[in-house]
Amino acid sequence: MTRGTYIALEGIEGAGKSTVAVALAGLIAGAGHDVMTVREPGGTPTGEKVRRILLDTDGSVAPWSEALLFSAARAQLAADVVEPALQAGTWVVSDRSVYSSLAYQGAGRGLGTDAVRAINEPGLGPTWPDLVALLELGVADGLSRQQVPDRIGGAGHGFLATVAQGFTDLAAAEPDRFVVIDATMPVADIAAEIWKALLDRHG
Ligand code: TYD
């Protein structure tokens, strides 16, 4: 059984990741692959409970507590859903991934991307995105397209600007893993660009 391909969609809030996930999954299915979409944080009963702790606006969550909770939810999703799917040959399109933690907690909260990577790796093992599509969008645009701000996404322009720069730096550091895409393009064009990158690199 050929292992499935794991694709992560990344970017600041308002970049349209969830709509692109549906369009991209359609292209992948059209090419004859089994495909599923997941979202982070969440995707498992345990992960959805952790998601509520993380995104509720009441109660404080210290930066390292936040990073560890995201990593806990992600380890559960990897064990229960993503890794079994990949092993069964199913392609996985994920709305966010470990790279969100590197950008939001590593860069945004200032914990350092290496330190945040180190707390995520043990729970993920081989379950690491093969391709990361970074949907790039200006922070002001992202904020105006954001629907309901949560505790993290509502942290303001300065925080999101640091996160956006974090994503850009991560893409520059791992050019073979990342494809950087203008998030203001029509959804169908964004999905087509990601599909082309997949064919070029994993076809
Ligand atoms: P979500 O409802 O998925 O928002 P969006 O539509 O913006 O993707 O909420 C996820 C929020 O959590 C978002 O503000 C990004 C943040 N986040 C992190 O800070 N670290 C992480 O590892 C992940 C997965 C998300």
# chains A, B, ... in the order shown; residues from 1 in each chain; ligands from 1
$ select_by_dssp --residues "segment 51-187 of chain A" --states "strand (DSSP E or B)" --output "MDAnalysis selection string"
chainID A and resid 91:95 131:136 178:182
$ write_last_selection --atoms "all heavy atoms" --output "tab-separated table (two decimals), in the first residue's frame"
chain	number	residue	atom	x	y	z
A	91	TRP	N	-5.11	10.22	1.30
A	91	TRP	CA	-4.46	11.53	1.38
A	91	TRP	C	-5.19	12.37	2.44
A	91	TRP	O	-6.41	12.26	2.58
A	91	TRP	CB	-4.52	12.26	0.03
A	91	TRP	CG	-3.66	11.64	-1.03
A	91	TRP	CD1	-3.45	10.32	-1.25
A	91	TRP	CD2	-2.90	12.34	-2.03
A	91	TRP	NE1	-2.60	10.14	-2.32
A	91	TRP	CE2	-2.25	11.36	-2.82
A	91	TRP	CE3	-2.71	13.69	-2.34
A	91	TRP	CZ2	-1.43	11.70	-3.89
A	91	TRP	CZ3	-1.89	14.03	-3.40
A	91	TRP	CH2	-1.25	13.04	-4.16
A	92	VAL	N	-4.44	13.19	3.16
A	92	VAL	CA	-5.02	14.00	4.23
A	92	VAL	C	-4.75	15.48	3.95
A	92	VAL	O	-3.60	15.87	3.75
A	92	VAL	CB	-4.44	13.60	5.61
A	92	VAL	CG1	-5.01	14.49	6.70
A	92	VAL	CG2	-4.73	12.13	5.91
A	93	VAL	N	-5.83	16.25	3.91
A	93	VAL	CA	-5.71	17.71	3.77
A	93	VAL	C	-6.06	18.31	5.12
A	93	VAL	O	-7.17	18.12	5.62
A	93	VAL	CB	-6.67	18.25	2.69
A	93	VAL	CG1	-6.58	19.78	2.63
A	93	VAL	CG2	-6.36	17.64	1.34
A	94	SER	N	-5.11	19.00	5.74
A	94	SER	CA	-5.30	19.51	7.09
A	94	SER	C	-5.37	21.03	7.11
A	94	SER	O	-4.49	21.71	6.57
A	94	SER	CB	-4.16	19.02	7.98
A	94	SER	OG	-4.38	19.45	9.30
A	95	ASP	N	-6.44	21.54	7.73
A	95	ASP	CA	-6.59	22.98	7.97
A	95	ASP	C	-5.76	23.27	9.23
A	95	ASP	O	-6.20	22.98	10.33
A	95	ASP	CB	-8.09	23.25	8.18
A	95	ASP	CG	-8.43	24.71	8.37
A	95	ASP	OD1	-7.50	25.51	8.60
A	95	ASP	OD2	-9.62	25.04	8.30
A	131	LEU	N	3.69	18.36	2.35
A	131	LEU	CA	3.64	19.65	1.66
A	131	LEU	C	2.88	20.63	2.55
A	131	LEU	O	1.82	20.29	3.07
A	131	LEU	CB	2.92	19.53	0.31
A	131	LEU	CG	2.89	20.84	-0.49
A	131	LEU	CD1	4.21	21.03	-1.26
A	131	LEU	CD2	1.73	20.87	-1.48
A	132	VAL	N	3.42	21.84	2.71
A	132	VAL	CA	2.73	22.90	3.44
A	132	VAL	C	2.42	24.02	2.44
A	132	VAL	O	3.33	24.57	1.83
A	132	VAL	CB	3.58	23.46	4.59
A	132	VAL	CG1	2.79	24.52	5.36
A	132	VAL	CG2	4.04	22.36	5.53
A	133	ALA	N	1.13	24.30	2.25
A	133	ALA	CA	0.73	25.41	1.38
A	133	ALA	C	0.48	26.62	2.27
A	133	ALA	O	-0.46	26.62	3.08
A	133	ALA	CB	-0.52	25.04	0.59
A	134	LEU	N	1.34	27.62	2.14
A	134	LEU	CA	1.19	28.85	2.94
A	134	LEU	C	0.37	29.86	2.14
A	134	LEU	O	0.81	30.34	1.09
A	134	LEU	CB	2.57	29.42	3.28
A	134	LEU	CG	2.57	30.79	3.98
A	134	LEU	CD1	1.76	30.76	5.26
A	134	LEU	CD2	4.01	31.23	4.27
A	135	LEU	N	-0.84	30.14	2.63
A	135	LEU	CA	-1.73	31.11	1.97
A	135	LEU	C	-1.41	32.48	2.55
A	135	LEU	O	-1.79	32.80	3.67
A	135	LEU	CB	-3.19	30.71	2.24
A	135	LEU	CG	-3.83	29.68	1.30
A	135	LEU	CD1	-2.96	28.47	1.07
A	135	LEU	CD2	-5.18	29.25	1.83
A	136	GLU	N	-0.68	33.27	1.77
A	136	GLU	CA	-0.20	34.55	2.28
A	136	GLU	C	-1.21	35.67	2.05
A	136	GLU	O	-1.76	35.80	0.95
A	136	GLU	CB	1.14	34.91	1.62
A	136	GLU	CG	2.30	34.44	2.48
A	136	GLU	CD	3.62	35.06	2.04
A	136	GLU	OE1	3.78	35.39	0.86
A	136	GLU	OE2	4.51	35.21	2.90
A	178	PHE	N	7.52	23.72	1.38
A	178	PHE	CA	6.51	24.78	1.31
A	178	PHE	C	6.20	25.18	-0.13
A	178	PHE	O	7.09	25.21	-0.99
A	178	PHE	CB	7.01	26.03	2.03
A	178	PHE	CG	6.69	26.06	3.51
A	178	PHE	CD1	7.45	25.31	4.40
A	178	PHE	CD2	5.65	26.83	4.00
A	178	PHE	CE1	7.17	25.34	5.76
A	178	PHE	CE2	5.36	26.86	5.36
A	178	PHE	CZ	6.13	26.12	6.25
A	179	VAL	N	4.93	25.54	-0.36
A	179	VAL	CA	4.58	26.31	-1.54
A	179	VAL	C	3.85	27.55	-1.02
A	179	VAL	O	2.96	27.45	-0.16
A	179	VAL	CB	3.74	25.48	-2.55
A	179	VAL	CG1	2.49	24.90	-1.92
A	179	VAL	CG2	3.38	26.32	-3.76
A	180	VAL	N	4.29	28.73	-1.46
A	180	VAL	CA	3.72	29.98	-0.96
A	180	VAL	C	2.77	30.55	-2.01
A	180	VAL	O	3.14	30.68	-3.18
A	180	VAL	CB	4.84	31.00	-0.63
A	180	VAL	CG1	4.25	32.29	-0.09
A	180	VAL	CG2	5.82	30.39	0.39
A	181	ILE	N	1.55	30.84	-1.59
A	181	ILE	CA	0.49	31.20	-2.54
A	181	ILE	C	-0.21	32.48	-2.09
A	181	ILE	O	-0.44	32.69	-0.89
A	181	ILE	CB	-0.52	30.03	-2.63
A	181	ILE	CG1	0.19	28.82	-3.23
A	181	ILE	CG2	-1.73	30.41	-3.47
A	181	ILE	CD1	-0.63	27.58	-3.25
A	182	ASP	N	-0.54	33.33	-3.06
A	182	ASP	CA	-1.26	34.57	-2.80
A	182	ASP	C	-2.72	34.24	-2.45
A	182	ASP	O	-3.48	33.79	-3.32
A	182	ASP	CB	-1.16	35.43	-4.07
A	182	ASP	CG	-1.99	36.70	-3.98
A	182	ASP	OD1	-2.68	36.93	-2.96
A	182	ASP	OD2	-1.96	37.47	-4.96
$ residues_around --residues "Ala191 of chain A" --least-positions-apart "5" --cutoff "9 Å" --atoms "only C-alpha atoms" --output "PyMOL selection string"
chain A and resi 20-25+27+186+196
$ residues_near_ligand --ligand "ligand 1" --cutoff "6 Å" --atoms "only C-alpha atoms and all ligand atoms" --output "NGL selection string"
:A and (13 or 40-41 or 70 or 96-98 or 100-101 or 104-105 or 152-153)
$ select_by_dssp --residues "segment 7-142 of chain A" --states "helix (DSSP H, G or I)" --output "MDAnalysis selection string"
chainID A and resid 17:30 45:55 63:87 98:108 113:124 139:142
$ residues_around --residues "Ala62 of chain A" --least-positions-apart "5" --cutoff "12 Å" --atoms "only C-alpha atoms" --output "PyMOL selection string"
chain A and resi 53-54+67-69+105+109+111+152
$ atom_distance --atom1 "atom CA of Gly203 of chain A" --atom2 "atom CA of Ala188 of chain A"
20.0 Å
$ residues_around --residues "Tyr6 of chain A" --least-positions-apart "2" --cutoff "10 Å" --atoms "only C-alpha atoms" --output "PyMOL selection string"
chain A and resi 3-4+8+35-36+82-83+85-86+90-94+127-132
$ closest_residue --among "A:Thr162, A:Thr168, A:Gln87, A:Ser71" --to "Pro122 of chain A" --atoms "only C-alpha atoms"
A:Ser71
$ atom_distance --atom1 "atom CA of Phe167 of chain A" --atom2 "atom CA of Ala103 of chain A"
5.5 Å
$ closest_residue --among "A:Leu9, A:Ile28, A:Ala164, A:Ala73" --to "Ala192 of chain A" --atoms "only C-alpha atoms"
A:Ile28
$ decode --residues "segment 81-108 of chain A" --atoms "N, CA, C and O atoms" --output "short mmCIF file (atom, residue, chain, number, x, y, z; two decimals), in the first residue's frame"
data_model
loop_
_atom_site.label_atom_id
_atom_site.label_comp_id
_atom_site.auth_asym_id
_atom_site.auth_seq_id
_atom_site.Cartn_x
_atom_site.Cartn_y
_atom_site.Cartn_z
N VAL A 81 -6.24 9.51 13.81
CA VAL A 81 -6.84 9.82 12.51
C VAL A 81 -5.78 9.90 11.39
O VAL A 81 -5.86 9.15 10.41
N VAL A 82 -4.82 10.81 11.53
CA VAL A 82 -3.96 11.13 10.38
C VAL A 82 -3.06 9.95 10.02
O VAL A 82 -3.01 9.53 8.85
N GLU A 83 -2.34 9.41 11.01
CA GLU A 83 -1.41 8.32 10.68
C GLU A 83 -2.13 7.08 10.15
O GLU A 83 -1.71 6.51 9.13
N PRO A 84 -3.24 6.63 10.79
CA PRO A 84 -3.95 5.48 10.21
C PRO A 84 -4.42 5.74 8.78
O PRO A 84 -4.35 4.84 7.92
N ALA A 85 -4.89 6.96 8.51
CA ALA A 85 -5.34 7.28 7.14
C ALA A 85 -4.18 7.19 6.16
O ALA A 85 -4.29 6.55 5.10
N LEU A 86 -3.06 7.81 6.50
CA LEU A 86 -1.90 7.81 5.58
C LEU A 86 -1.45 6.37 5.32
O LEU A 86 -1.14 6.00 4.18
N GLN A 87 -1.45 5.57 6.38
CA GLN A 87 -1.02 4.17 6.20
C GLN A 87 -1.98 3.39 5.33
O GLN A 87 -1.57 2.45 4.64
N ALA A 88 -3.24 3.79 5.33
CA ALA A 88 -4.23 3.10 4.48
C ALA A 88 -4.21 3.65 3.05
O ALA A 88 -5.04 3.27 2.22
N GLY A 89 -3.31 4.61 2.77
CA GLY A 89 -3.19 5.16 1.43
C GLY A 89 -4.07 6.37 1.18
O GLY A 89 -4.12 6.89 0.07
N THR A 90 -4.76 6.83 2.23
CA THR A 90 -5.64 8.00 2.09
C THR A 90 -4.82 9.29 2.19
O THR A 90 -3.94 9.40 3.04
N TRP A 91 -5.11 10.22 1.30
CA TRP A 91 -4.46 11.53 1.38
C TRP A 91 -5.19 12.37 2.44
O TRP A 91 -6.41 12.26 2.58
N VAL A 92 -4.44 13.19 3.16
CA VAL A 92 -5.02 14.00 4.23
C VAL A 92 -4.75 15.48 3.95
O VAL A 92 -3.60 15.87 3.75
N VAL A 93 -5.83 16.25 3.91
CA VAL A 93 -5.71 17.71 3.77
C VAL A 93 -6.06 18.31 5.12
O VAL A 93 -7.17 18.12 5.62
N SER A 94 -5.11 19.00 5.74
CA SER A 94 -5.30 19.51 7.09
C SER A 94 -5.37 21.03 7.11
O SER A 94 -4.49 21.71 6.57
N ASP A 95 -6.44 21.54 7.73
CA ASP A 95 -6.59 22.98 7.97
C ASP A 95 -5.76 23.27 9.23
O ASP A 95 -6.20 22.98 10.33
N ARG A 96 -4.52 23.73 9.03
CA ARG A 96 -3.49 23.96 10.05
C ARG A 96 -2.76 22.66 10.42
O ARG A 96 -3.22 21.56 10.14
N SER A 97 -1.61 22.83 11.08
CA SER A 97 -0.72 21.71 11.41
C SER A 97 0.29 22.17 12.44
O SER A 97 0.18 23.28 12.99
N VAL A 98 1.30 21.36 12.65
CA VAL A 98 2.40 21.74 13.55
C VAL A 98 3.02 23.09 13.15
O VAL A 98 3.51 23.83 14.01
N TYR A 99 2.96 23.44 11.88
CA TYR A 99 3.55 24.71 11.46
C TYR A 99 2.79 25.91 12.03
O TYR A 99 3.38 26.99 12.20
N SER A 100 1.49 25.75 12.36
CA SER A 100 0.78 26.83 13.07
C SER A 100 1.40 27.04 14.44
O SER A 100 1.55 28.18 14.90
N SER A 101 1.74 25.95 15.12
CA SER A 101 2.37 26.10 16.44
C SER A 101 3.73 26.78 16.32
O SER A 101 4.10 27.61 17.16
N LEU A 102 4.49 26.44 15.27
CA LEU A 102 5.80 27.07 15.11
C LEU A 102 5.64 28.58 14.89
O LEU A 102 6.40 29.39 15.42
N ALA A 103 4.62 28.95 14.10
CA ALA A 103 4.42 30.38 13.80
C ALA A 103 3.73 31.13 14.95
O ALA A 103 4.18 32.22 15.32
N TYR A 104 2.64 30.56 15.51
CA TYR A 104 1.88 31.30 16.54
C TYR A 104 2.57 31.25 17.90
O TYR A 104 2.68 32.26 18.59
N GLN A 105 2.98 30.02 18.31
CA GLN A 105 3.58 29.93 19.64
C GLN A 105 5.10 30.21 19.55
O GLN A 105 5.64 30.93 20.39
N GLY A 106 5.75 29.65 18.53
CA GLY A 106 7.19 29.84 18.39
C GLY A 106 7.55 31.28 18.11
O GLY A 106 8.33 31.90 18.84
N ALA A 107 6.96 31.84 17.04
CA ALA A 107 7.26 33.24 16.68
C ALA A 107 6.34 34.20 17.44
O ALA A 107 6.81 35.10 18.14
N GLY A 108 5.03 34.03 17.31
CA GLY A 108 4.06 34.98 17.86
C GLY A 108 4.21 35.17 19.36
O GLY A 108 4.29 36.29 19.86
#
